[in-house]
$ cat input_25.csv   # CSV, C-alpha atoms
chain,number,residue,atom,x,y,z
A,166,MET,CA,-96.8,-112.3,6.8
A,167,THR,CA,-93.8,-113.0,9.1
A,168,SER,CA,-90.3,-112.7,7.7
A,169,ARG,CA,-88.5,-115.1,10.1
A,170,PHE,CA,-85.4,-113.0,9.6
A,171,LEU,CA,-82.8,-113.6,12.2
A,172,LEU,CA,-81.8,-110.1,13.2
A,173,GLU,CA,-79.2,-110.5,15.8
A,174,SER,CA,-77.4,-113.2,17.7
A,175,ILE,CA,-75.2,-112.1,20.6
A,176,ILE,CA,-73.0,-114.4,22.6
A,177,GLY,CA,-72.4,-113.7,26.3
A,178,PRO,CA,-73.6,-114.5,29.8
A,179,ARG,CA,-77.3,-114.2,30.6
A,180,THR,CA,-76.9,-110.7,32.0
A,181,LEU,CA,-78.4,-107.3,31.6
A,182,ASP,CA,-75.5,-106.2,29.3
A,183,THR,CA,-76.2,-109.0,26.8
A,184,ALA,CA,-79.9,-108.3,26.9
A,185,LEU,CA,-79.2,-104.6,26.4
A,186,GLN,CA,-77.1,-105.3,23.3
A,187,LEU,CA,-79.9,-107.4,21.9
A,188,THR,CA,-82.5,-104.8,22.5
A,189,VAL,CA,-80.3,-102.1,21.0
A,190,SER,CA,-80.2,-104.1,17.7
A,191,VAL,CA,-84.0,-104.2,17.7
A,192,ALA,CA,-84.2,-100.4,18.4
A,193,LEU,CA,-81.7,-99.6,15.6
A,194,TYR,CA,-84.0,-101.1,13.0
A,195,ALA,CA,-87.1,-99.6,14.3
A,196,LYS,CA,-86.0,-96.5,12.2
A,197,ASP,CA,-87.0,-93.8,14.7
A,198,LYS,CA,-90.6,-94.8,14.3
A,199,ALA,CA,-92.9,-96.6,16.6
A,200,PRO,CA,-91.2,-99.5,18.5
A,201,PRO,CA,-92.1,-102.9,17.2
A,202,LEU,CA,-94.2,-105.4,19.1
A,203,ILE,CA,-91.8,-107.3,21.3
A,204,LEU,CA,-92.5,-110.8,22.5
A,205,ILE,CA,-90.1,-112.2,25.1
A,206,ASP,CA,-89.9,-115.0,27.7
A,207,ASP,CA,-89.6,-114.4,31.4
A,208,HIS,CA,-85.8,-113.9,31.4
A,209,LEU,CA,-85.3,-111.3,34.2
A,210,PRO,CA,-83.1,-108.7,32.5
A,211,TYR,CA,-85.4,-108.1,29.5
A,212,PRO,CA,-87.8,-105.6,31.1
A,213,GLN,CA,-85.0,-103.4,32.3
A,214,ALA,CA,-83.2,-103.6,29.0
A,215,ILE,CA,-86.3,-102.7,27.0
A,216,LEU,CA,-87.1,-99.8,29.4
A,217,GLN,CA,-83.6,-98.5,29.1
A,218,VAL,CA,-83.6,-98.5,25.3
A,219,PHE,CA,-87.2,-97.5,24.5
A,220,GLY,CA,-88.1,-95.7,27.8
A,221,GLN,CA,-89.0,-92.0,28.0
A,222,ILE,CA,-88.1,-89.7,30.8
A,223,LYS,CA,-90.6,-89.4,33.7
A,224,HIS,CA,-90.4,-86.4,36.0
A,225,CYS,CA,-91.8,-87.3,39.3
A,226,ARG,CA,-93.7,-84.8,41.4
A,227,ARG,CA,-93.0,-84.0,45.0
A,228,LYS,CA,-95.8,-84.8,47.3
A,229,ASN,CA,-94.7,-82.2,49.8
A,230,ALA,CA,-93.2,-78.8,49.2
A,231,ARG,CA,-90.1,-79.6,51.3
A,232,GLY,CA,-87.1,-81.6,50.3
A,233,ARG,CA,-85.2,-82.1,47.2
A,234,LYS,CA,-86.7,-82.8,43.8
A,235,LYS,CA,-87.1,-86.5,42.9
A,236,TYR,CA,-84.8,-87.9,40.4
A,237,PRO,CA,-86.3,-88.4,36.9
A,238,ARG,CA,-87.1,-92.0,36.0
A,239,LEU,CA,-87.9,-94.0,32.9
A,240,LYS,CA,-91.4,-94.9,31.7
A,241,PRO,CA,-92.5,-96.9,28.7
A,242,PRO,CA,-93.8,-94.9,25.8
A,243,LEU,CA,-97.5,-95.2,25.1
A,244,ASN,CA,-97.1,-97.2,21.9
A,245,LEU,CA,-94.7,-99.7,23.3
A,246,GLN,CA,-96.2,-103.2,23.5
A,247,VAL,CA,-94.3,-106.0,25.1
A,248,GLY,CA,-95.8,-109.5,25.8
A,249,VAL,CA,-94.2,-112.0,28.1
A,250,VAL,CA,-94.5,-115.8,27.9
A,251,LYS,CA,-94.1,-117.3,31.4
A,252,LYS,CA,-93.3,-120.9,31.9
A,253,LEU,CA,-94.1,-122.7,35.2
A,254,ARG,CA,-91.9,-125.6,35.9
A,255,ASP,CA,-91.8,-128.1,38.8
A,256,ASN,CA,-88.7,-129.0,40.9
A,257,ARG,CA,-87.4,-131.4,38.3
A,258,GLY,CA,-87.7,-128.8,35.5
A,259,ASN,CA,-90.7,-130.4,33.8
A,260,LEU,CA,-93.0,-127.9,32.2
A,261,MET,CA,-96.3,-127.6,34.0
A,262,LYS,CA,-98.0,-124.6,32.6
A,263,VAL,CA,-97.5,-121.8,30.1
A,264,SER,CA,-99.0,-118.5,30.8
A,265,SER,CA,-98.7,-115.1,29.2
A,266,LYS,CA,-99.0,-111.5,30.3
A,267,ALA,CA,-98.5,-108.0,29.0
A,268,LEU,CA,-95.4,-106.3,30.4
A,269,PHE,CA,-96.1,-102.9,28.7
A,270,GLY,CA,-99.4,-102.1,26.9
A,271,LYS,CA,-102.7,-103.9,27.1
A,272,LYS,CA,-102.9,-107.6,26.7
A,273,LYS,CA,-106.0,-107.4,24.5
A,274,GLU,CA,-104.3,-105.0,22.1
A,275,ILE,CA,-101.2,-107.1,22.0
A,276,VAL,CA,-103.2,-110.2,21.1
A,277,LYS,CA,-105.1,-108.4,18.5
A,278,ARG,CA,-101.9,-107.1,16.9
A,279,ILE,CA,-100.4,-110.6,17.0
A,280,GLN,CA,-103.5,-111.9,15.1
A,281,ASP,CA,-103.3,-109.0,12.6
A,282,LEU,CA,-99.7,-109.8,11.9
A,283,ASN,CA,-100.6,-113.5,11.5
A,284,ILE,CA,-97.9,-114.7,14.0
A,285,GLY,CA,-100.3,-116.7,16.2
A,286,CYS,CA,-103.4,-116.5,18.2
A,287,LYS,CA,-101.9,-115.5,21.6
A,288,ILE,CA,-98.7,-114.2,23.0
A,289,ASN,CA,-96.0,-116.6,22.1
A,290,THR,CA,-92.3,-117.0,21.2
A,291,SER,CA,-92.8,-120.0,19.0
A,292,HIS,CA,-91.0,-118.7,16.0
A,293,VAL,CA,-87.8,-118.0,17.8
A,294,GLU,CA,-88.0,-121.3,19.7
A,295,ARG,CA,-88.3,-123.1,16.4
A,296,LEU,CA,-85.3,-121.2,15.2
A,297,ASN,CA,-83.4,-122.4,18.2
A,298,GLY,CA,-84.1,-125.9,17.2
A,299,THR,CA,-82.9,-125.3,13.7
A,300,ILE,CA,-79.7,-123.7,14.8
A,301,ARG,CA,-79.0,-126.6,17.2
A,302,GLY,CA,-79.5,-129.0,14.4
A,303,GLN,CA,-77.4,-127.1,11.9
A,304,GLN,CA,-74.5,-125.9,14.1
A,305,ALA,CA,-72.2,-128.6,15.5
A,306,ARG,CA,-71.0,-126.2,18.2
A,307,LEU,CA,-74.5,-125.8,19.6
A,308,SER,CA,-75.8,-129.3,19.5
A,309,ARG,CA,-76.4,-131.1,22.8
A,310,ARG,CA,-73.8,-133.4,24.4
A,311,THR,CA,-71.3,-132.7,21.6
A,312,ARG,CA,-67.5,-133.0,21.5
A,313,ASN,CA,-67.3,-130.3,18.8
A,314,GLY,CA,-67.9,-127.4,21.2
A,315,SER,CA,-66.0,-124.1,20.7
A,316,HIS,CA,-62.9,-123.5,22.6
A,317,LEU,CA,-63.0,-119.8,21.9
A,318,GLN,CA,-66.0,-117.6,22.1
A,319,GLU,CA,-64.9,-115.7,19.0
A,320,MET,CA,-65.1,-118.8,16.8
A,321,LEU,CA,-68.5,-119.6,18.1
A,322,GLN,CA,-69.6,-116.1,17.2
A,323,TYR,CA,-68.1,-116.3,13.7
A,324,SER,CA,-69.8,-119.6,13.0
A,325,ILE,CA,-73.2,-118.2,14.2
A,326,TRP,CA,-72.7,-115.1,12.1
A,327,LEU,CA,-72.0,-117.2,9.0
A,328,TRP,CA,-74.9,-119.4,9.7
A,329,ARG,CA,-77.2,-116.4,10.2
A,330,ASP,CA,-76.3,-115.1,6.7
A,331,LEU,CA,-76.8,-118.5,5.1
A,332,TYR,CA,-80.1,-118.9,6.8
A,333,ASN,CA,-81.3,-115.4,6.0
A,334,TRP,CA,-80.2,-115.2,2.4
A,335,THR,CA,-79.7,-118.7,0.9
A,336,ARG,CA,-82.3,-121.0,2.5
A,337,VAL,CA,-85.9,-121.1,1.4
A,338,HIS,CA,-88.5,-121.5,4.0
A,339,TYR,CA,-91.6,-123.6,3.6
A,340,SER,CA,-93.9,-121.3,5.6
A,341,LEU,CA,-92.6,-118.3,3.5
A,342,LEU,CA,-93.9,-120.0,0.3
A,343,ASP,CA,-90.4,-121.0,-0.8
A,344,GLU,CA,-88.9,-117.6,-0.1
A,345,THR,CA,-85.9,-116.7,2.0
A,346,PRO,CA,-86.3,-114.6,5.1
A,347,ALA,CA,-84.4,-111.8,3.3
A,348,MET,CA,-86.9,-111.9,0.5
A,349,ALA,CA,-89.8,-111.8,2.9
A,350,LEU,CA,-88.3,-108.7,4.6
A,351,GLY,CA,-87.9,-107.0,1.2
A,352,LEU,CA,-84.1,-107.1,1.2
A,353,ALA,CA,-83.6,-109.5,-1.7
A,354,LYS,CA,-85.5,-110.2,-4.9
A,355,LYS,CA,-84.4,-113.8,-5.5
A,356,VAL,CA,-82.9,-116.7,-3.6
A,357,TRP,CA,-79.1,-116.2,-3.3
A,358,ALA,CA,-76.9,-119.1,-4.3
A,359,VAL,CA,-74.0,-119.9,-1.9
A,360,LEU,CA,-71.6,-119.1,-4.8
A,361,ALA,CA,-73.1,-115.7,-5.2
A,362,TYR,CA,-72.8,-115.1,-1.4
A,363,VAL,CA,-69.1,-116.3,-1.5
A,364,LEU,CA,-68.3,-114.0,-4.5
A,365,TYR,CA,-70.2,-111.0,-3.3
A,366,PRO,CA,-67.8,-108.1,-2.5
A,367,VAL,CA,-68.2,-106.6,0.9
A,368,HIS,CA,-66.4,-103.3,1.5
A,369,VAL,CA,-66.7,-101.5,4.8
A,370,SER,CA,-64.8,-98.4,5.6
A,371,ASP,CA,-63.5,-97.4,9.0
A,372,LEU,CA,-65.8,-94.5,9.0
A,373,GLN,CA,-68.8,-96.7,8.5
A,374,ARG,CA,-67.7,-99.0,11.3
A,375,TRP,CA,-67.3,-96.0,13.5
A,376,ASP,CA,-70.8,-94.8,12.5
A,377,TRP,CA,-72.3,-98.1,13.4
A,378,ALA,CA,-70.6,-98.1,16.8
A,379,GLU,CA,-71.7,-94.5,17.4
A,380,ARG,CA,-75.3,-95.3,16.5
A,381,ARG,CA,-75.3,-98.3,18.8
A,382,ASN,CA,-73.9,-96.2,21.7
A,383,SER,CA,-76.5,-93.4,21.1
A,384,VAL,CA,-79.3,-96.0,21.3
A,385,LEU,CA,-77.8,-97.6,24.3
A,386,GLU,CA,-77.9,-94.3,26.2
A,387,SER,CA,-81.2,-94.1,28.2
A,388,ALA,CA,-83.3,-91.0,28.3
A,389,VAL,CA,-82.2,-90.3,31.9
A,390,ASP,CA,-78.5,-90.4,30.9
A,391,VAL,CA,-79.2,-87.9,28.1
A,392,TYR,CA,-81.2,-85.7,30.4
A,393,LYS,CA,-78.3,-85.7,32.9
A,394,SER,CA,-75.7,-85.0,30.3
A,395,ASN,CA,-77.7,-82.2,28.8
A,396,LYS,CA,-78.3,-80.5,32.2
A,397,SER,CA,-76.6,-77.2,32.2
A,398,LEU,CA,-74.1,-76.5,35.0
A,399,PRO,CA,-74.7,-73.4,37.2
A,400,ILE,CA,-72.7,-70.4,35.9
A,401,SER,CA,-71.9,-68.8,39.3
B,134,MET,CA,-51.7,-133.6,4.4
B,135,PRO,CA,-54.1,-134.0,1.5
B,136,LYS,CA,-52.6,-133.9,-2.0
B,137,GLN,CA,-52.8,-130.7,-3.9
B,138,LYS,CA,-55.2,-130.7,-6.8
B,139,PRO,CA,-53.6,-130.1,-10.2
B,140,HIS,CA,-54.5,-126.8,-11.9
B,141,LYS,CA,-57.0,-126.8,-14.7
B,142,LYS,CA,-55.4,-125.9,-18.0
B,143,GLN,CA,-56.9,-123.0,-19.8
B,144,ASP,CA,-57.0,-123.1,-23.6
B,145,GLY,CA,-56.2,-119.5,-24.3
B,146,LYS,CA,-59.7,-118.3,-23.8
B,147,LYS,CA,-60.5,-116.0,-20.9
B,148,PRO,CA,-63.2,-117.4,-18.6
B,149,ALA,CA,-66.5,-115.6,-18.5
B,150,GLY,CA,-66.6,-113.9,-15.2
B,151,LEU,CA,-69.3,-112.0,-13.4
B,152,PRO,CA,-70.6,-108.8,-14.9
B,153,LEU,CA,-68.9,-105.6,-13.8
B,154,ALA,CA,-72.2,-104.4,-12.3
B,155,PHE,CA,-71.6,-107.0,-9.6
B,156,PHE,CA,-68.5,-105.1,-8.3
B,157,ALA,CA,-68.0,-101.8,-6.5
B,158,CYS,CA,-64.9,-99.7,-5.8
B,159,PRO,CA,-63.4,-100.7,-2.4
B,160,ASN,CA,-61.5,-97.4,-2.0
B,161,SER,CA,-63.1,-95.6,0.9
B,162,ASP,CA,-61.9,-92.2,-0.4
B,163,CYS,CA,-63.6,-92.7,-3.7
B,164,ALA,CA,-66.9,-91.0,-4.5
B,165,ASP,CA,-68.2,-94.3,-5.9
B,166,PHE,CA,-67.2,-96.3,-2.9
B,167,ASN,CA,-69.4,-99.4,-2.5
B,168,LYS,CA,-71.7,-98.3,-5.3
B,169,PHE,CA,-72.8,-101.2,-7.4
B,170,ASP,CA,-73.6,-100.8,-11.1
B,171,ALA,CA,-72.2,-97.3,-11.1
B,172,ASP,CA,-70.6,-97.8,-14.5
B,173,ASN,CA,-67.2,-96.7,-13.2
B,174,LEU,CA,-65.3,-99.9,-13.5
B,175,SER,CA,-63.3,-101.4,-16.4
B,176,ILE,CA,-61.0,-104.4,-16.7
B,177,ALA,CA,-57.4,-103.4,-16.3
B,178,GLU,CA,-55.7,-106.8,-16.8
B,179,TRP,CA,-56.0,-110.5,-16.2
B,180,MET,CA,-53.9,-111.9,-13.4
B,181,GLY,CA,-53.2,-115.1,-11.5
B,182,LYS,CA,-51.5,-118.3,-12.6
B,183,ASP,CA,-54.2,-119.1,-15.2
B,184,LYS,CA,-54.9,-115.5,-16.0
B,185,ALA,CA,-58.4,-116.1,-14.7
B,186,ILE,CA,-58.7,-113.3,-12.2
B,187,ARG,CA,-59.5,-109.8,-13.4
B,188,ARG,CA,-57.9,-106.7,-12.0
B,189,LEU,CA,-60.5,-103.9,-12.2
B,190,TYR,CA,-59.9,-100.2,-12.6
B,191,CYS,CA,-62.1,-97.5,-11.1
B,192,LYS,CA,-62.5,-94.5,-13.5
B,193,THR,CA,-63.5,-92.2,-10.6
B,194,CYS,CA,-60.5,-92.5,-8.3
B,195,GLY,CA,-58.0,-94.5,-10.5
B,196,ALA,CA,-57.7,-97.3,-8.0
B,197,ARG,CA,-56.9,-100.8,-9.3
B,198,PHE,CA,-58.1,-103.8,-7.3
B,199,SER,CA,-58.7,-107.5,-7.7
B,200,GLU,CA,-62.2,-108.7,-8.5
B,201,ARG,CA,-61.9,-111.0,-5.5
B,202,GLN,CA,-61.4,-108.1,-3.0
B,203,GLY,CA,-64.0,-108.3,-0.3
B,204,SER,CA,-65.2,-111.7,-1.3
B,205,LEU,CA,-64.4,-115.0,0.4
B,206,MET,CA,-62.1,-115.9,-2.5
B,207,GLN,CA,-59.7,-113.1,-1.4
B,208,HIS,CA,-56.2,-114.4,-0.5
B,209,THR,CA,-57.0,-118.0,-1.2
B,210,LYS,CA,-55.7,-120.6,-3.6
B,211,LEU,CA,-58.8,-122.8,-3.4
B,212,LEU,CA,-61.2,-123.1,-6.2
B,213,PRO,CA,-64.6,-121.4,-5.8
B,214,ALA,CA,-66.3,-124.8,-5.8
B,215,ASP,CA,-64.2,-125.9,-2.8
B,216,VAL,CA,-64.9,-122.7,-0.9
B,217,VAL,CA,-68.6,-123.2,-1.6
B,218,ARG,CA,-68.4,-126.8,-0.4
B,219,ILE,CA,-66.6,-125.8,2.8
B,220,ILE,CA,-69.2,-123.0,3.5
B,221,LYS,CA,-72.0,-125.4,2.9
B,222,CYS,CA,-70.5,-128.0,5.2
B,223,LEU,CA,-70.1,-125.4,7.9
B,224,GLY,CA,-73.6,-124.1,7.4
B,225,HIS,CA,-75.2,-127.5,7.6
B,226,GLY,CA,-73.7,-128.6,11.0
B,227,CYS,CA,-70.4,-130.2,10.1
B,228,SER,CA,-67.6,-129.7,12.5
B,229,VAL,CA,-64.3,-128.2,11.3
B,230,GLU,CA,-62.7,-131.6,11.1
B,231,ALA,CA,-65.7,-133.1,9.2
B,232,ALA,CA,-65.7,-130.2,6.7
B,233,ALA,CA,-61.9,-130.6,6.2
B,234,ASP,CA,-62.3,-134.3,5.5
B,235,ILE,CA,-65.3,-133.9,3.1
B,236,CYS,CA,-63.6,-131.1,1.1
B,237,GLU,CA,-60.2,-132.7,1.3
B,238,VAL,CA,-58.4,-129.7,2.7
B,239,ASP,CA,-56.5,-129.1,5.9
B,240,THR,CA,-58.4,-128.3,9.1
B,241,ARG,CA,-56.4,-125.1,9.4
B,242,THR,CA,-57.8,-124.0,6.0
B,243,VAL,CA,-61.3,-124.5,7.2
B,244,GLN,CA,-60.6,-122.7,10.5
B,245,ARG,CA,-59.1,-119.8,8.7
B,246,LEU,CA,-61.9,-119.6,6.2
B,247,LEU,CA,-64.5,-119.7,9.0
B,248,GLU,CA,-62.8,-116.8,10.8
B,249,LYS,CA,-62.7,-114.8,7.6
B,250,ALA,CA,-66.3,-115.7,6.7
B,251,GLY,CA,-67.6,-114.9,10.2
B,252,LYS,CA,-66.1,-111.4,10.2
B,253,ARG,CA,-67.3,-110.8,6.7
B,254,ALA,CA,-70.8,-112.1,7.5
B,255,ALA,CA,-71.2,-109.5,10.3
B,256,ASP,CA,-70.3,-106.7,7.9
B,257,PHE,CA,-72.5,-108.1,5.2
B,258,HIS,CA,-75.4,-108.3,7.6
B,259,ASN,CA,-75.0,-104.7,8.7
B,260,LEU,CA,-74.6,-103.4,5.2
B,261,GLN,CA,-77.7,-105.2,3.9
B,262,LEU,CA,-79.8,-104.1,6.8
B,263,GLU,CA,-79.1,-100.5,6.0
B,264,ASN,CA,-81.2,-101.0,2.9
B,265,LEU,CA,-84.2,-101.9,5.1
B,266,GLU,CA,-87.0,-99.6,4.1
B,267,GLU,CA,-89.8,-100.4,6.4
B,268,PRO,CA,-89.4,-100.6,10.1
B,269,LEU,CA,-89.8,-103.9,12.0
B,270,GLU,CA,-93.3,-104.8,13.1
B,271,ALA,CA,-92.8,-107.6,15.5
B,272,VAL,CA,-89.8,-109.1,17.2
B,273,GLN,CA,-89.3,-112.2,19.3
B,274,MET,CA,-86.3,-112.5,21.7
B,275,ASP,CA,-85.0,-115.6,23.3
B,276,GLU,CA,-81.9,-117.2,24.8
B,277,LEU,CA,-80.1,-120.3,23.7
B,278,HIS,CA,-77.7,-122.2,25.9
B,279,GLY,CA,-74.3,-123.0,24.6
B,280,LYS,CA,-70.9,-123.4,26.1
B,281,THR,CA,-67.3,-122.6,25.3
B,282,VAL,CA,-64.2,-124.3,26.8
B,283,LYS,CA,-62.1,-121.9,28.8
B,284,ASN,CA,-58.4,-121.9,28.3
B,285,LYS,CA,-57.0,-122.9,31.7
B,286,HIS,CA,-53.6,-121.3,31.0
B,287,ASN,CA,-55.1,-117.9,30.3
B,288,GLY,CA,-57.8,-118.0,33.0
B,289,PRO,CA,-57.6,-115.6,35.8
B,290,LEU,CA,-56.5,-116.7,39.2
B,291,VAL,CA,-58.9,-116.5,42.1
B,292,ASP,CA,-58.2,-113.3,44.1
B,293,VAL,CA,-57.7,-114.9,47.5
B,294,PRO,CA,-56.3,-112.9,50.4
B,295,LYS,CA,-52.6,-113.6,51.2
B,296,LYS,CA,-53.3,-115.2,54.6
B,297,LEU,CA,-56.0,-117.5,53.3
B,298,ARG,CA,-53.9,-118.4,50.2
B,299,LYS,CA,-51.0,-119.6,52.4
B,300,ARG,CA,-53.3,-121.7,54.5
B,301,LEU,CA,-55.1,-123.1,51.4
B,302,SER,CA,-51.8,-123.9,49.7
B,303,LYS,CA,-50.6,-125.8,52.7
B,304,LYS,CA,-53.8,-127.8,53.0
B,305,ARG,CA,-53.9,-128.5,49.3
B,306,ALA,CA,-50.3,-129.4,49.1
B,307,LYS,CA,-50.9,-132.3,51.3
B,308,HIS,CA,-53.6,-133.7,49.0
B,309,GLY,CA,-51.6,-133.2,45.9
B,310,PHE,CA,-53.1,-129.9,44.7
B,311,ILE,CA,-50.6,-127.2,44.0
B,312,ARG,CA,-52.4,-124.0,43.1
B,313,LEU,CA,-55.8,-122.7,43.3
B,314,TRP,CA,-57.4,-122.1,39.9
B,315,LEU,CA,-60.7,-120.7,38.9
$ encode --input "input_25.csv" --output "structure tokens"
Amino acid sequence: MTSRFLLESIIGPRTLDTALQLTVSVALYAKDKAPPLILIDDHLPYPQAILQVFGQIKHCRRKNARGRKKYPRLKPPLNLQVGVVKKLRDNRGNLMKVSSKALFGKKKEIVKRIQDLNIGCKINTSHVERLNGTIRGQQARLSRRTRNGSHLQEMLQYSIWLWRDLYNWTRVHYSLLDETPAMALGLAKKVWAVLAYVLYPVHVSDLQRWDWAERRNSVLESAVDVYKSNKSLPIS
Amino acid sequence: MPKQKPHKKQDGKKPAGLPLAFFACPNSDCADFNKFDADNLSIAEWMGKDKAIRRLYCKTCGARFSERQGSLMQHTKLLPADVVRIIKCLGHGCSVEAAADICEVDTRTVQRLLEKAGKRAADFHNLQLENLEEPLEAVQMDELHGKTVKNKHNGPLVDVPKKLRKRLSKKRAKHGFIRLWL
């Protein structure tokens, strides 16, 4: 069963850096085990971000004996499965066709895994698209043609973080059989009341914050960067 | 400004608060830091105007702290019901002004609470996800368009070469534009 848990929401321009931050959050909760099945749309920075975070080092062979050695590159691990939903639009932006493909892994295996996990019949991003609709309806700052837009990016981020917690912990979902996403993920045993959320004491030490930042940075470092930093310097 | 609500009178009895298992020591140097239901807390005293807030004592490190520490009720004079109503309004799509009007508080109160709640929400999310036992199986990633208004006064100027800037400023001065902004 799906959990519909909103894991991360990052505000920023549609660049590689933002995509990287998002992918790092996914990698952090993979718990050093096999990477999860990733379903994305055809946003250009995603493949590079996924490869940088999950990729393994690939030592290229020289074809000829002469010349310098080739620089190591990144390759996707064998168990990484990424499906892409591609939308074809006409000049006016109207949707013409939706197609899907496998970015890493085999399409048949991805489709089979999707069916096993019960999140659809083919490669899709329908759950997150539906979530986008929900957040647009429940956040004044994100609704269309609004006068309530944020002046500061920080305030938009705070309101989304707050909404994310309320969504994950206090709102029951019809498709989850009246459970909250946190309950479906195994983090909570009952539905949290808003009062319980308000009164819950949250204590975070500076060391813990430093540890979180350090873990994020270590995941953000690609295998090639680690290889380069570990390379020993010549002694003489 | 909305009128201040009169304080509820207590009739000598201490209000029944949350069980002590709901709290944890906030002292980061303590061995029982952030450990819930560790049986290390006791009530030191009752404080506040109505003596309704408990000051807790940690037996492990000897720290005394308010039961409101780390919650959204910290440093606020609002009643819990008001804070809950503001949070619910913000979570259901009300703007700051709308939430302030519904809950009969100042807009700055809502703004301040939102800022505090947002920062706390990020910490809460990270802390709770540390308890995640099984790794994720499938993830969907997507983008959502939104916009923020840039502050014109703090916005960076366009880096235009000196020669070009002179020429542009002359041209623009004729039409009523003074400076070139981003």
$ residues_around --input "input_25.csv" --residues "Arg197 (chain B)" --least-positions-apart "5" --cutoff "12 Å" --atoms "only C-alpha atoms" --output "mmCIF file with C-alpha atoms, in the coordinates of the input"
data_model
loop_
_atom_site.group_PDB
_atom_site.id
_atom_site.type_symbol
_atom_site.label_atom_id
_atom_site.label_comp_id
_atom_site.auth_asym_id
_atom_site.auth_seq_id
_atom_site.Cartn_x
_atom_site.Cartn_y
_atom_site.Cartn_z
ATOM 1 C CA ALA B 157 -68.000 -101.800 -6.500
ATOM 2 C CA CYS B 158 -64.900 -99.700 -5.800
ATOM 3 C CA PRO B 159 -63.400 -100.700 -2.400
ATOM 4 C CA ASN B 160 -61.500 -97.400 -2.000
ATOM 5 C CA CYS B 163 -63.600 -92.700 -3.700
ATOM 6 C CA ASN B 173 -67.200 -96.700 -13.200
ATOM 7 C CA LEU B 174 -65.300 -99.900 -13.500
ATOM 8 C CA SER B 175 -63.300 -101.400 -16.400
ATOM 9 C CA ILE B 176 -61.000 -104.400 -16.700
ATOM 10 C CA ALA B 177 -57.400 -103.400 -16.300
ATOM 11 C CA GLU B 178 -55.700 -106.800 -16.800
ATOM 12 C CA TRP B 179 -56.000 -110.500 -16.200
ATOM 13 C CA ARG B 187 -59.500 -109.800 -13.400
ATOM 14 C CA ARG B 188 -57.900 -106.700 -12.000
ATOM 15 C CA LEU B 189 -60.500 -103.900 -12.200
ATOM 16 C CA TYR B 190 -59.900 -100.200 -12.600
ATOM 17 C CA CYS B 191 -62.100 -97.500 -11.100
ATOM 18 C CA LYS B 192 -62.500 -94.500 -13.500
ATOM 19 C CA GLN B 202 -61.400 -108.100 -3.000
#
$ closest_residue --input "input_25.csv" --among "B:Asn167, B:Gly279, B:Gln273, B:Ile219" --to "Ile288 (chain A)" --atoms "all atoms listed in the file"
B:Gln273
$ residues_around --input "input_25.csv" --residues "Leu171 (chain A)" --least-positions-apart "3" --cutoff "8 Å" --atoms "only C-alpha atoms" --output "PyMOL selection string"
chain A and resi 174+329+333+346
$ write_last_selection --input "input_25.csv" --atoms "C-alpha atoms" --output "PDB file, in the frame of the given file"
ATOM      1  CA  SER A 174     -77.400-113.200  17.700  1.00  0.00           C
ATOM      2  CA  ARG A 329     -77.200-116.400  10.200  1.00  0.00           C
ATOM      3  CA  ASN A 333     -81.300-115.400   6.000  1.00  0.00           C
ATOM      4  CA  PRO A 346     -86.300-114.600   5.100  1.00  0.00           C
TER       5      PRO A 346
END
$ residues_around --input "input_25.csv" --residues "region 374-390 of chain A" --least-positions-apart "2" --cutoff "9 Å" --atoms "only C-alpha atoms" --output "VMD selection string"
(chain A and resid 185 to 186 188 to 190 192 to 193 216 to 223 237 to 239 369 to 372 392 to 395) or (chain B and resid 256 259)
$ atom_distance --input "input_25.csv" --atom1 "CA of Ile186 (chain B)" --atom2 "CA of Glu237 (chain B)"
23.7 Å
$ closest_residue --input "input_25.csv" --among "B:Gly195, B:Gly181, B:Glu276, B:Val217" --to "Ala164 (chain B)" --atoms "all atoms listed in the file"
B:Gly195
$ atom_distance --input "input_25.csv" --atom1 "CA of Gly270 (chain A)" --atom2 "CA of Pro212 (chain A)"
12.8 Å
$ residues_around --input "input_25.csv" --residues "Leu350 (chain A)" --least-positions-apart "6" --cutoff "8 Å" --atoms "only C-alpha atoms" --output "JSON, numbers by chain"
{"A": [168, 170], "B": [265]}
$ write_last_selection --input "input_25.csv" --atoms "C-alpha atoms" --output "compact mmCIF listing (two decimals), in the coordinates of the input"
# COMPACT_ATOMS: atom_id res chain seq x y z
CA SER A 168 -90.30 -112.70 7.70
CA PHE A 170 -85.40 -113.00 9.60
CA LEU B 265 -84.20 -101.90 5.10
$ residues_around --input "input_25.csv" --residues "Asn289 (chain A)" --least-positions-apart "3" --cutoff "10 Å" --atoms "only C-alpha atoms" --output "PyMOL selection string"
(chain A and resi 204-206+248-251+263-265+276+279+284-286+292-294) or (chain B and resi 273)
$ residues_near_point --input "input_25.csv" --point "(-97.7, -103.0, 29.6)" --cutoff "6 Å" --atoms "all atoms listed in the file" --output "VMD selection string"
chain A and resid 267 to 271
$ interface_residues --input "input_25.csv" --of "chain A" --to "chain B" --cutoff "7 Å" --atoms "only C-alpha atoms" --output "NGL selection string"
:A and (194-196 or 201-206 or 290 or 293 or 297 or 302-305 or 307 or 313-318 or 320 or 323-324 or 326-328 or 330-331 or 352 or 359-360 or 363-368 or 370)
$ closest_residue --input "input_25.csv" --among "A:Ala358, A:Val247, A:Leu172, A:Ala353" --to "Ile275 (chain A)" --atoms "only C-alpha atoms"
A:Val247
$ atom_distance --input "input_25.csv" --atom1 "CA of Thr193 (chain B)" --atom2 "CA of Gly150 (chain B)"
22.4 Å
